[in-house]
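Engineer: Here's a structure for you.
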Amino acid sequence: MIKRNLLKLFFFGLSLLPEMSSAQQWPYQQSSLPITERVDDLLGRMTLEEKIAQIRHIHSWNIFNGQELDMDKLKNFTGGLSWGFVEGFPLTGANCKKNMQLIQQFMVEHTRLGIPVFTVAESLHGSVHEGSTIYPQNIALGSTFRPDLAYRKAAMITKDLHAQGIHQVLAPCIDVVRDLRWGRVEESFGEDPILCGQFGIAEVKGYMDNGISPMLKHYGPHGNPLSGLNLASVECGLLDLHEVYLKPFEMVIRNTPVWAVMSTYNSWNHVPNSASYYLLTEILRGQFGFKGYVYSDWGAIEMLKTFHRVAHDSEEAAMRAFTAGLDVEASSNCYPELVNLIRKGKLDEEVLNESVRRVLYAKFKMGLFEDPYGKQYAQCEMHEQESIRLSKKIADESAVLLKNENGLLPLNADKLKSVAVIGPNADQVQFGDYSWTRNNKDGVTPLEGIRQLLGDKATIHYAKGCDIVSLNADGIEEAVEAAQKSEVAILFCGSASAALARDYKSSTSGEGFDLNDLNLTGVQGELIKAVYETGTPVVLVLVSGKPFALPWEKKHIPAILTQWYAGEQAGHSIADILFGRVSPSGRLTFSYPQSTGHLPVYYNHLPSDRGFYKIPGSYESPGRDYVFSSPDALWGFGHGLTYTSFAYKNLKSDKEHYELNDTIYLDIDIENTGKRAGKEVVQLYVNDKVSSMVTPVKQLRDFRKVSVKAGETKTVKLKVAVNDLYMVTADNKRVVEPGEFELQVGAASDNILQMKTVTVGEFASAVTVEKQKTVKSSKIIPVHGEIRDVQATLIGKVNIHAKSTGKLLGKSDEKGCYKINAGNQEVLVFSKKGYQKLEVPVDNQEAINIRMNYGEH
């Protein structure tokens with residue numbers, strides 16, 4: 001009892017300190033002073049323990065009893081000190097507001113220095129607290145190809161966050177993902193670094209312009225874990241490190257005043273990212289110029305001893321992470337060891353001061369000292385009508401029409417009398433991981449959306465058919481009966497993800513739910529085939545957090561749509577798209593694989609990485625490279641159809657030759673050649689035609705989504721800075737090499753419709769290009785020879801044309817031999833699908849043996 005009374009007196013005394021000093025403000029309390037002066041003043045007044053508390057995190061399990069804050073737990077856990085960060089992820093939105101205000105009141109009014117705390121929430125696609133608006137998952141947002149929607153989404157989410165008393169969010173996630181087995185595919189905007197960076201910039205600005213501090217995650221190579229397993233290592237060279245995995249972070253840091261970055265759990269080239277001085281200090285701070293603080297993914301510091309095994313104990317783990325440049329510890333208990341490390345002289349206190357300075361600066365910058373309770377945002381409410389409309393808008397623009405044979409879609413609601421709605425995702429919401437619910441009452445299912453759209457116009461036959469995970473096929477018979485009674489069958493298959501800290505059962509996607517096989521899970525494949533065999537026209541809608549392997553479906557099902565996790569309005573959105581009220585305009589930001597064995601399938605591969613022989617095979621006709629397949633993606637990055645058609649015309653650049661400080665400007669005309677309005681995503685890719693290091697076959701550099709009315713033509717402007725055409729050398733130098741760059745404009749990475757080559761730098765002096773002299777033939781001579789590949793295999797059925805006239809002179813026979821008659825000064829053009837075209841001058845030679853290289857025709 002005596003001890004308890006003394007503790008109460010201690011906290012009562014602490015509570016008087018701010019009041020006693022209110023008459024005379026210290027410099028850090030004076031808003032008129034520069035932030036750096038305020039930070040230095042406050043830091044100079046702090047004890048070692050108070051400094052450590054600023055780089056630590058209070059978690060919900062430390063201080064809450066269910067939905068209620070336990071003040072005794074808070075006081076005891078914090079030791080009466082103001083801490084850096086606090087979260088309450090399991091709380092409802094209403095309870096979050098109430099409790100975060102109480103915690104902030106304790107920090108500001110009942111601690112010695114009154115330092116406000118960063119209240120933290122997850123906000124991947126909406127705040128994680130009950131009652132918040134649920135937006136489409138990142139994979140869907142990226143598929144809109146509209147970064148402005150990312151800005152609007154973040155700006156709207158801040159209203160929910162302010163209504164919940166939140167100041168810091170653990171978003172956006174800008175990982176570039178290259179292994180589709182990984183469960184966290186859904187959290188990414190896509191497989192392309194430029195696209196991820198553009199969406200990251202927009203989202204960060206949306207948060208910061210509206211009073212919320214965002215946190216970039218997950219810094220370090222993360223999106224290509226070995227075997228697709230979460231937390232597994234990433235092995236790559238410097239070029240991929242900088243041009244793929246770190247590129248979005250560099251883009252955001254250089255273009256926004258973001259103050260927080262989260263490190264990753266995993267390792268890169270045998271060094272844990274959370275203990276990498278190279279990544280956290282040399283690159284993030286030294287090269288990118290990041291001024292804020294680095295925050296550990298939850299438990300990442302403790303994992304240095306328990307998971308990676310590069311530290312013997314908590315003290316060594318703390319030392320390794322902290323000296324590498326990791327400022328803030330979340331969800332582990334290693335950083336208290338910093339006190340002893342400093343007192344024993346193993347760590348300079350000034351290193352600690354620098355980390356604390358970064359956290360304090362962000363708190364001052366975000367206005368927490370002047371408005372710790374968020375009074376300027378007191379009018380904000382959760383789940384406003386405007387946010388619901390925006391969630392629907394993003395859903396409408398994110399669905400990707402993959403196939404539409406014979407114009408099956410859109411369906412005509414006025415003519416259909418019966419519709420089958422089938423599948424495990426037909427009458428179940430799928431919001432994606434980091435949501436606060438999986439309950440149908442919190443969103444609109446596809447079945448409900450179709451019912452509301454059709455009303456009493458048509459009879460709907462519903463059958464679940466099967467579930468997502470089990471091998472129970474008992475429901476397929478009912479699904480077949482539903483299809484047989486209907487004019488069209490709409491199948492909703494795909495995946496299921498967890499609800500954060502709430503419900504993890506039967507998940508096949510999301511954090512920690514990785515797949516070894518990209519075929520549809522359970523018996524969904526059997527369900528699709530059984531419904532198809534009824535003869536009823538089938539529309540397949542993949543409601544999913546990742547691409548799956550659908551080669552059979554692509555061949556047989558006439559219409560296929562991907563609706564990534566599309567938020568709370570997903571059912572209304574997909575109904576509007578299926579019945580033509582909305583034209584689909586999403587485009588793939590992940591390439592679809594033909595099978596798990598085809599991984600990786602990202603579009604920006606190296607020239608050597610899609611096979612050498614270019615003789616794709618099948619079981620009916622075995623080939624080379626893959627004996628029974630082509631190495632290509634099923635559908636490539638950027639692919640997507642709509643309910644109209646477009647023609648690309650008149651690609652023009654502002655000039656033909658560019659210097660290193662120039663920007664390349666392009667115009668292209670887009671004509672809507674169909675009968676209804678639609679949206680087209682115009683994509684610019686660049687290929688460095690010859691370089692001293694191997695570079696990708698193409699890389700996205702710009703994109704525009706445009707609305708074009710039927711019969712209308714719009715001129716779309718694209719651009720790319722010449723300085724952005726650099727490559728990273730083995731010693732991490734950035735070089736734009738003089739030479740030729742091919743500008744490719746099209747509707748997808750594998751559907752390039754217009755091309756133009758420009759030169760950069762002192763190309764004429766760097767590379768000598770000799771043009772063949774054209775000499776007129778004086779007579780016709782017989783020419784014969786053999787045509788072989790690089791391994792001396794004879795090549796049959798090669799076309800041989802005269803370059804001067806384009807006339808076909810002959811073909812090689814099945815053994816690779818040829819005999820033709822040609823002009824004595826003619827240039828022969830040898831061509832065959834799967835081989836690079838070859839031009840050879842006759843030059844009075846009668847025997848010409850040819851060697852052709854595999855490659856594009």
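Quick note on naming: the chains in the structure tokens go A, B, ... in the order shown, residues restart at 1 in each chain, and ligands are numbered from 1 in order of appearance.
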Among range 204-386 of chain A, which ones does DSSP assign to strand (DSSP E or B) (computed from the backbone)? Answer as a VMD selection string.
Structural biologist: chain A and resid 213 216 to 219 234 260 to 263 267 to 268 271 to 272 293 to 295 328
Engineer: With C-alpha atoms retained, export the selected residues as a short mmCIF file (atom, residue, chain, number, x, y, z; two decimals), in the first residue's frame.
Structural biologist:
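Output (again.cif):
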```cif
data_model
loop_
_atom_site.label_atom_id
_atom_site.label_comp_id
_atom_site.auth_asym_id
_atom_site.auth_seq_id
_atom_site.Cartn_x
_atom_site.Cartn_y
_atom_site.Cartn_z
CA SER A 213 2.94 11.24 -41.42
CA LEU A 216 7.65 3.99 -46.63
CA LYS A 217 7.94 0.24 -46.43
CA HIS A 218 9.67 -2.13 -46.69
CA TYR A 219 13.12 -0.65 -47.31
CA VAL A 234 16.83 -11.92 -51.53
CA ALA A 260 9.79 7.72 -41.88
CA VAL A 261 11.03 4.52 -43.51
CA MET A 262 10.50 0.94 -42.29
CA SER A 263 13.27 -1.63 -42.64
CA SER A 267 18.47 -10.39 -45.63
CA TRP A 268 20.23 -9.32 -48.81
CA VAL A 271 23.38 -9.46 -44.46
CA PRO A 272 20.07 -8.75 -42.65
CA TYR A 293 14.11 8.05 -38.99
CA VAL A 294 14.23 4.34 -39.80
CA TYR A 295 11.68 2.21 -37.94
CA VAL A 328 13.34 3.00 -33.79
#
```
Engineer: Counting only C-alpha atoms, what is within 9 Å of range 448-460 of chain A, bar same-chain residues fewer than 3 positions away, as an mmCIF file with N, CA, C and O atoms, in the first residue's frame?
Structural biologist:
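Heads up, here's the output in result-v9.cif:
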```
data_model
loop_
_atom_site.group_PDB
_atom_site.id
_atom_site.type_symbol
_atom_site.label_atom_id
_atom_site.label_comp_id
_atom_site.auth_asym_id
_atom_site.auth_seq_id
_atom_site.Cartn_x
_atom_site.Cartn_y
_atom_site.Cartn_z
ATOM 1 N N ALA A 413 -28.532 -6.609 -69.622
ATOM 2 C CA ALA A 413 -29.474 -6.854 -68.527
ATOM 3 C C ALA A 413 -30.920 -6.867 -68.994
ATOM 4 O O ALA A 413 -31.793 -7.464 -68.344
ATOM 5 N N ASP A 414 -31.209 -6.224 -70.114
ATOM 6 C CA ASP A 414 -32.592 -6.156 -70.597
ATOM 7 C C ASP A 414 -33.010 -7.395 -71.382
ATOM 8 O O ASP A 414 -34.207 -7.612 -71.608
ATOM 9 N N LYS A 415 -32.046 -8.190 -71.804
ATOM 10 C CA LYS A 415 -32.363 -9.368 -72.621
ATOM 11 C C LYS A 415 -32.204 -10.682 -71.861
ATOM 12 O O LYS A 415 -32.840 -11.669 -72.205
ATOM 13 N N LEU A 416 -31.356 -10.716 -70.869
ATOM 14 C CA LEU A 416 -31.143 -11.957 -70.128
ATOM 15 C C LEU A 416 -32.333 -12.258 -69.227
ATOM 16 O O LEU A 416 -32.867 -11.373 -68.553
ATOM 17 N N LYS A 417 -32.715 -13.515 -69.210
ATOM 18 C CA LYS A 417 -33.808 -13.946 -68.345
ATOM 19 C C LYS A 417 -33.320 -14.788 -67.165
ATOM 20 O O LYS A 417 -34.031 -14.932 -66.169
ATOM 21 N N SER A 418 -32.088 -15.331 -67.307
ATOM 22 C CA SER A 418 -31.563 -16.164 -66.214
ATOM 23 C C SER A 418 -30.049 -16.091 -66.205
ATOM 24 O O SER A 418 -29.407 -16.106 -67.254
ATOM 25 N N VAL A 419 -29.493 -16.004 -64.998
ATOM 26 C CA VAL A 419 -28.051 -15.885 -64.819
ATOM 27 C C VAL A 419 -27.626 -16.796 -63.675
ATOM 28 O O VAL A 419 -28.257 -16.800 -62.607
ATOM 29 N N ALA A 420 -26.563 -17.562 -63.897
ATOM 30 C CA ALA A 420 -25.975 -18.355 -62.817
ATOM 31 C C ALA A 420 -24.820 -17.567 -62.217
ATOM 32 O O ALA A 420 -23.945 -17.079 -62.934
ATOM 33 N N VAL A 421 -24.831 -17.434 -60.902
ATOM 34 C CA VAL A 421 -23.725 -16.793 -60.174
ATOM 35 C C VAL A 421 -23.113 -17.863 -59.281
ATOM 36 O O VAL A 421 -23.773 -18.382 -58.383
ATOM 37 N N ALA A 426 -18.283 -15.677 -54.871
ATOM 38 C CA ALA A 426 -19.486 -15.015 -55.382
ATOM 39 C C ALA A 426 -20.274 -14.335 -54.272
ATOM 40 O O ALA A 426 -20.782 -13.225 -54.449
ATOM 41 N N ASP A 427 -20.374 -14.997 -53.135
ATOM 42 C CA ASP A 427 -21.158 -14.440 -52.027
ATOM 43 C C ASP A 427 -20.295 -14.272 -50.791
ATOM 44 O O ASP A 427 -20.707 -14.569 -49.672
ATOM 45 N N VAL A 444 -20.032 -5.161 -50.096
ATOM 46 C CA VAL A 444 -21.006 -5.670 -51.067
ATOM 47 C C VAL A 444 -20.370 -6.836 -51.822
ATOM 48 O O VAL A 444 -19.326 -6.684 -52.457
ATOM 49 N N THR A 445 -20.989 -7.992 -51.759
ATOM 50 C CA THR A 445 -20.482 -9.157 -52.472
ATOM 51 C C THR A 445 -20.883 -9.067 -53.948
ATOM 52 O O THR A 445 -21.828 -8.358 -54.310
ATOM 53 N N ALA A 482 -27.043 -25.170 -61.718
ATOM 54 C CA ALA A 482 -27.335 -23.736 -61.830
ATOM 55 C C ALA A 482 -26.951 -23.219 -63.213
ATOM 56 O O ALA A 482 -27.690 -22.428 -63.832
ATOM 57 N N SER A 486 -29.350 -21.687 -66.836
ATOM 58 C CA SER A 486 -29.112 -20.260 -67.066
ATOM 59 C C SER A 486 -28.578 -19.989 -68.469
ATOM 60 O O SER A 486 -28.002 -20.869 -69.115
ATOM 61 N N GLN A 569 -16.957 -1.707 -52.001
ATOM 62 C CA GLN A 569 -17.938 -1.545 -53.073
ATOM 63 C C GLN A 569 -17.684 -2.514 -54.235
ATOM 64 O O GLN A 569 -18.209 -2.312 -55.344
ATOM 65 N N ALA A 570 -16.906 -3.559 -53.990
ATOM 66 C CA ALA A 570 -16.502 -4.477 -55.063
ATOM 67 C C ALA A 570 -17.692 -5.085 -55.789
ATOM 68 O O ALA A 570 -17.683 -5.231 -57.017
ATOM 69 N N GLY A 571 -18.742 -5.454 -55.055
ATOM 70 C CA GLY A 571 -19.901 -6.091 -55.683
ATOM 71 C C GLY A 571 -20.628 -5.178 -56.645
ATOM 72 O O GLY A 571 -21.021 -5.586 -57.743
ATOM 73 N N HIS A 572 -20.836 -3.933 -56.245
ATOM 74 C CA HIS A 572 -21.485 -2.972 -57.153
ATOM 75 C C HIS A 572 -20.600 -2.722 -58.372
ATOM 76 O O HIS A 572 -21.100 -2.606 -59.501
ATOM 77 N N SER A 573 -19.298 -2.628 -58.145
ATOM 78 C CA SER A 573 -18.384 -2.323 -59.246
ATOM 79 C C SER A 573 -18.370 -3.433 -60.285
ATOM 80 O O SER A 573 -18.490 -3.175 -61.488
ATOM 81 N N ILE A 574 -18.235 -4.686 -59.848
ATOM 82 C CA ILE A 574 -18.146 -5.773 -60.823
ATOM 83 C C ILE A 574 -19.473 -5.951 -61.552
ATOM 84 O O ILE A 574 -19.495 -6.290 -62.751
ATOM 85 N N ALA A 575 -20.588 -5.703 -60.890
ATOM 86 C CA ALA A 575 -21.884 -5.787 -61.561
ATOM 87 C C ALA A 575 -21.982 -4.720 -62.656
ATOM 88 O O ALA A 575 -22.422 -4.994 -63.779
ATOM 89 N N ASP A 576 -21.555 -3.499 -62.352
ATOM 90 C CA ASP A 576 -21.583 -2.426 -63.342
ATOM 91 C C ASP A 576 -20.704 -2.746 -64.545
ATOM 92 O O ASP A 576 -21.043 -2.418 -65.690
ATOM 93 N N LEU A 578 -19.717 -5.900 -65.586
ATOM 94 C CA LEU A 578 -20.253 -7.046 -66.325
ATOM 95 C C LEU A 578 -21.422 -6.662 -67.218
ATOM 96 O O LEU A 578 -21.575 -7.201 -68.319
ATOM 97 N N PHE A 579 -22.236 -5.716 -66.765
ATOM 98 C CA PHE A 579 -23.437 -5.350 -67.521
ATOM 99 C C PHE A 579 -23.284 -4.011 -68.248
ATOM 100 O O PHE A 579 -24.263 -3.434 -68.694
#
```
Engineer: Residues at most 7 Å from Glu742 in chain A, counting only C-alpha atoms, excluding those fewer than 6 positions away in the same chain, as a ChimeraX atom specification?
Structural biologist: /A:686-689,755-758
Engineer: Could you check the closest approach to Glu671 in chain A for each of A:Glu337, A:Glu712, A:Asp313, A:Asp467 and tell me which residue wins, using only C-alpha atoms?
Structural biologist: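 For Glu671 in chain A, the nearest of the given residues is A:Glu712.
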Engineer: Distance CA of His605 in chain A-CA of Leu725 in chain A, one decimal place?
Structural biologist: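 Rounded to one decimal, the two atoms are 16.2 Å apart.
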Engineer: Show me, as a ChimeraX atom specification, the residues that have an atom within 10 Å of Ala549 in chain A when counting only C-alpha atoms, minus same-chain residues fewer than 3 positions from it.
Structural biologist: /A:517-520,552-554,592-598,633-634
Engineer: Please return as a list in words: the residues of range 491-600 of chain A that backbone DSSP assigns to alpha helix (DSSP H).
Structural biologist: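 Written out, the alpha helix (DSSP H) residues of range 491-600 of chain A are Gln524, Gly525, Glu526, Leu527, Ile528, Lys529, Ala530, Val531, Tyr532, Pro551, Trp552, Glu553, Lys554, Lys555, His556, Ala570, Gly571, His572, Ser573, Ile574, Ala575, Asp576, Ile577 and Leu578 of chain A.
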Engineer: Using CA of Ala483 in chain A and CA of Arg587 in chain A as the two end points, give the distance in Å to one decimal.
Structural biologist: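 Answer for the CA of Ala483 in chain A to CA of Arg587 in chain A separation: 29.4 Å.
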Engineer: Set the distance at 10 Å and use only C-alpha atoms: which residues neighbour Val840 in chain A once local chain neighbours fewer than 2 positions away are removed? I'd like the list as a list in words.
Structural biologist: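 Surrounding residues, per the criterion: Lys803, Glu826, Val827, Leu828, Val829, Phe830, Leu838, Val842, Asp843, Ile848 and Ile850 of chain A.
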Engineer: Which neighbours of Trp83 in chain A fall inside 12 Å, counting only C-alpha atoms, when residues of the same chain fewer than 5 positions from it are skipped, and could you give them as a ChimeraX atom specification?
Structural biologist: /A:49-59,74-75,77-78,103-104,106-108,111-119,328-330,356,359-360,363
Engineer: Keeping only N, CA, C and O atoms, write the selected residues to a file as a short mmCIF file (atom, residue, chain, number, x, y, z; two decimals), in the first residue's frame.
Structural biologist:
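Produced file again.cif, reproduced below:
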```
data_model
loop_
_atom_site.label_atom_id
_atom_site.label_comp_id
_atom_site.auth_asym_id
_atom_site.auth_seq_id
_atom_site.Cartn_x
_atom_site.Cartn_y
_atom_site.Cartn_z
N GLU A 49 17.53 7.85 -20.26
CA GLU A 49 16.34 7.00 -20.31
C GLU A 49 15.23 7.66 -21.14
O GLU A 49 14.49 6.97 -21.87
N GLU A 50 15.08 8.96 -21.05
CA GLU A 50 14.07 9.65 -21.84
C GLU A 50 14.39 9.59 -23.33
O GLU A 50 13.51 9.49 -24.17
N LYS A 51 15.67 9.63 -23.65
CA LYS A 51 16.07 9.51 -25.05
C LYS A 51 15.74 8.12 -25.60
O LYS A 51 15.20 7.99 -26.70
N ILE A 52 16.07 7.10 -24.83
CA ILE A 52 15.79 5.73 -25.27
C ILE A 52 14.29 5.53 -25.47
O ILE A 52 13.85 4.90 -26.44
N ALA A 53 13.47 6.12 -24.59
CA ALA A 53 12.02 5.97 -24.71
C ALA A 53 11.50 6.54 -26.02
O ALA A 53 10.51 6.04 -26.58
N GLN A 54 12.14 7.56 -26.55
CA GLN A 54 11.70 8.18 -27.79
C GLN A 54 11.92 7.29 -29.00
O GLN A 54 11.31 7.50 -30.05
N ILE A 55 12.77 6.30 -28.88
CA ILE A 55 13.01 5.41 -30.02
C ILE A 55 12.43 4.01 -29.75
O ILE A 55 12.86 3.03 -30.34
N ARG A 56 11.43 3.99 -28.85
CA ARG A 56 10.77 2.72 -28.54
C ARG A 56 9.26 2.84 -28.78
O ARG A 56 8.72 3.92 -28.96
N HIS A 57 8.61 1.69 -28.75
CA HIS A 57 7.21 1.58 -29.17
C HIS A 57 6.38 0.93 -28.08
O HIS A 57 6.77 -0.10 -27.52
N ILE A 58 5.23 1.52 -27.78
CA ILE A 58 4.25 0.91 -26.88
C ILE A 58 3.26 0.14 -27.75
O ILE A 58 2.70 0.69 -28.71
N HIS A 59 3.04 -1.13 -27.38
CA HIS A 59 2.12 -1.95 -28.18
C HIS A 59 0.84 -2.25 -27.42
O HIS A 59 0.79 -2.18 -26.19
N LEU A 74 -0.23 1.44 -18.38
CA LEU A 74 0.46 2.47 -19.16
C LEU A 74 1.55 3.14 -18.32
O LEU A 74 2.69 3.30 -18.77
N LYS A 75 1.20 3.53 -17.10
CA LYS A 75 2.17 4.21 -16.24
C LYS A 75 3.33 3.30 -15.88
O LYS A 75 4.50 3.70 -15.90
N PHE A 77 4.36 0.53 -17.48
CA PHE A 77 5.16 0.13 -18.65
C PHE A 77 6.07 1.26 -19.12
O PHE A 77 7.22 1.02 -19.48
N THR A 78 5.55 2.47 -19.12
CA THR A 78 6.35 3.60 -19.63
C THR A 78 7.31 4.14 -18.58
O THR A 78 8.22 4.91 -18.93
N ILE A 103 -4.01 8.43 -23.98
CA ILE A 103 -2.56 8.18 -24.00
C ILE A 103 -1.81 9.48 -24.28
O ILE A 103 -0.81 9.79 -23.62
N GLN A 104 -2.30 10.24 -25.25
CA GLN A 104 -1.63 11.50 -25.57
C GLN A 104 -1.70 12.47 -24.39
O GLN A 104 -0.73 13.19 -24.10
N PHE A 106 -1.75 11.68 -21.26
CA PHE A 106 -0.73 11.24 -20.29
C PHE A 106 0.65 11.73 -20.71
O PHE A 106 1.42 12.25 -19.89
N MET A 107 1.00 11.57 -22.00
CA MET A 107 2.32 11.95 -22.47
C MET A 107 2.55 13.46 -22.36
O MET A 107 3.63 13.91 -21.95
N VAL A 108 1.57 14.25 -22.72
CA VAL A 108 1.73 15.70 -22.78
C VAL A 108 1.60 16.35 -21.41
O VAL A 108 2.33 17.29 -21.07
N THR A 111 4.02 13.81 -18.01
CA THR A 111 5.43 13.42 -18.06
C THR A 111 6.28 14.67 -17.90
O THR A 111 5.80 15.80 -18.09
N ARG A 112 7.52 14.49 -17.56
CA ARG A 112 8.39 15.61 -17.17
C ARG A 112 8.51 16.67 -18.26
O ARG A 112 8.42 17.87 -17.99
N LEU A 113 8.71 16.24 -19.53
CA LEU A 113 8.94 17.19 -20.60
C LEU A 113 7.74 17.37 -21.52
O LEU A 113 7.76 18.21 -22.41
N GLY A 114 6.71 16.54 -21.34
CA GLY A 114 5.48 16.71 -22.11
C GLY A 114 5.64 16.47 -23.61
O GLY A 114 5.01 17.15 -24.43
N ILE A 115 6.45 15.50 -23.97
CA ILE A 115 6.68 15.21 -25.40
C ILE A 115 5.52 14.37 -25.93
O ILE A 115 5.26 13.29 -25.41
N PRO A 116 4.83 14.83 -26.96
CA PRO A 116 3.72 14.04 -27.51
C PRO A 116 4.21 12.75 -28.16
O PRO A 116 5.37 12.66 -28.59
N VAL A 117 3.34 11.77 -28.23
CA VAL A 117 3.66 10.48 -28.81
C VAL A 117 3.09 10.40 -30.22
O VAL A 117 2.06 11.01 -30.52
N PHE A 118 3.78 9.67 -31.10
CA PHE A 118 3.22 9.36 -32.41
C PHE A 118 2.22 8.22 -32.23
O PHE A 118 2.59 7.10 -31.87
N THR A 119 0.93 8.48 -32.46
CA THR A 119 -0.08 7.42 -32.46
C THR A 119 -0.07 6.78 -33.84
O THR A 119 -0.13 7.47 -34.85
N VAL A 328 14.48 3.26 -34.67
CA VAL A 328 13.34 3.00 -33.79
C VAL A 328 13.07 1.51 -33.73
O VAL A 328 12.99 0.85 -34.77
N GLU A 329 12.88 0.98 -32.53
CA GLU A 329 12.56 -0.44 -32.35
C GLU A 329 11.07 -0.63 -32.12
O GLU A 329 10.48 0.03 -31.26
N ALA A 330 10.48 -1.55 -32.88
CA ALA A 330 9.07 -1.90 -32.70
C ALA A 330 8.95 -3.39 -32.41
O ALA A 330 9.61 -4.21 -33.05
N VAL A 356 17.42 10.17 -31.85
CA VAL A 356 16.35 10.86 -31.13
C VAL A 356 16.02 12.18 -31.83
O VAL A 356 14.85 12.57 -31.94
N VAL A 359 13.57 11.62 -34.66
CA VAL A 359 12.19 11.39 -34.23
C VAL A 359 11.56 12.70 -33.76
O VAL A 359 10.42 13.02 -34.12
N LEU A 360 12.28 13.46 -32.95
CA LEU A 360 11.75 14.72 -32.44
C LEU A 360 11.48 15.70 -33.57
O LEU A 360 10.47 16.42 -33.56
N LYS A 363 8.26 14.95 -35.15
CA LYS A 363 7.12 15.33 -34.30
C LYS A 363 6.88 16.84 -34.36
O LYS A 363 5.73 17.29 -34.44
#
```
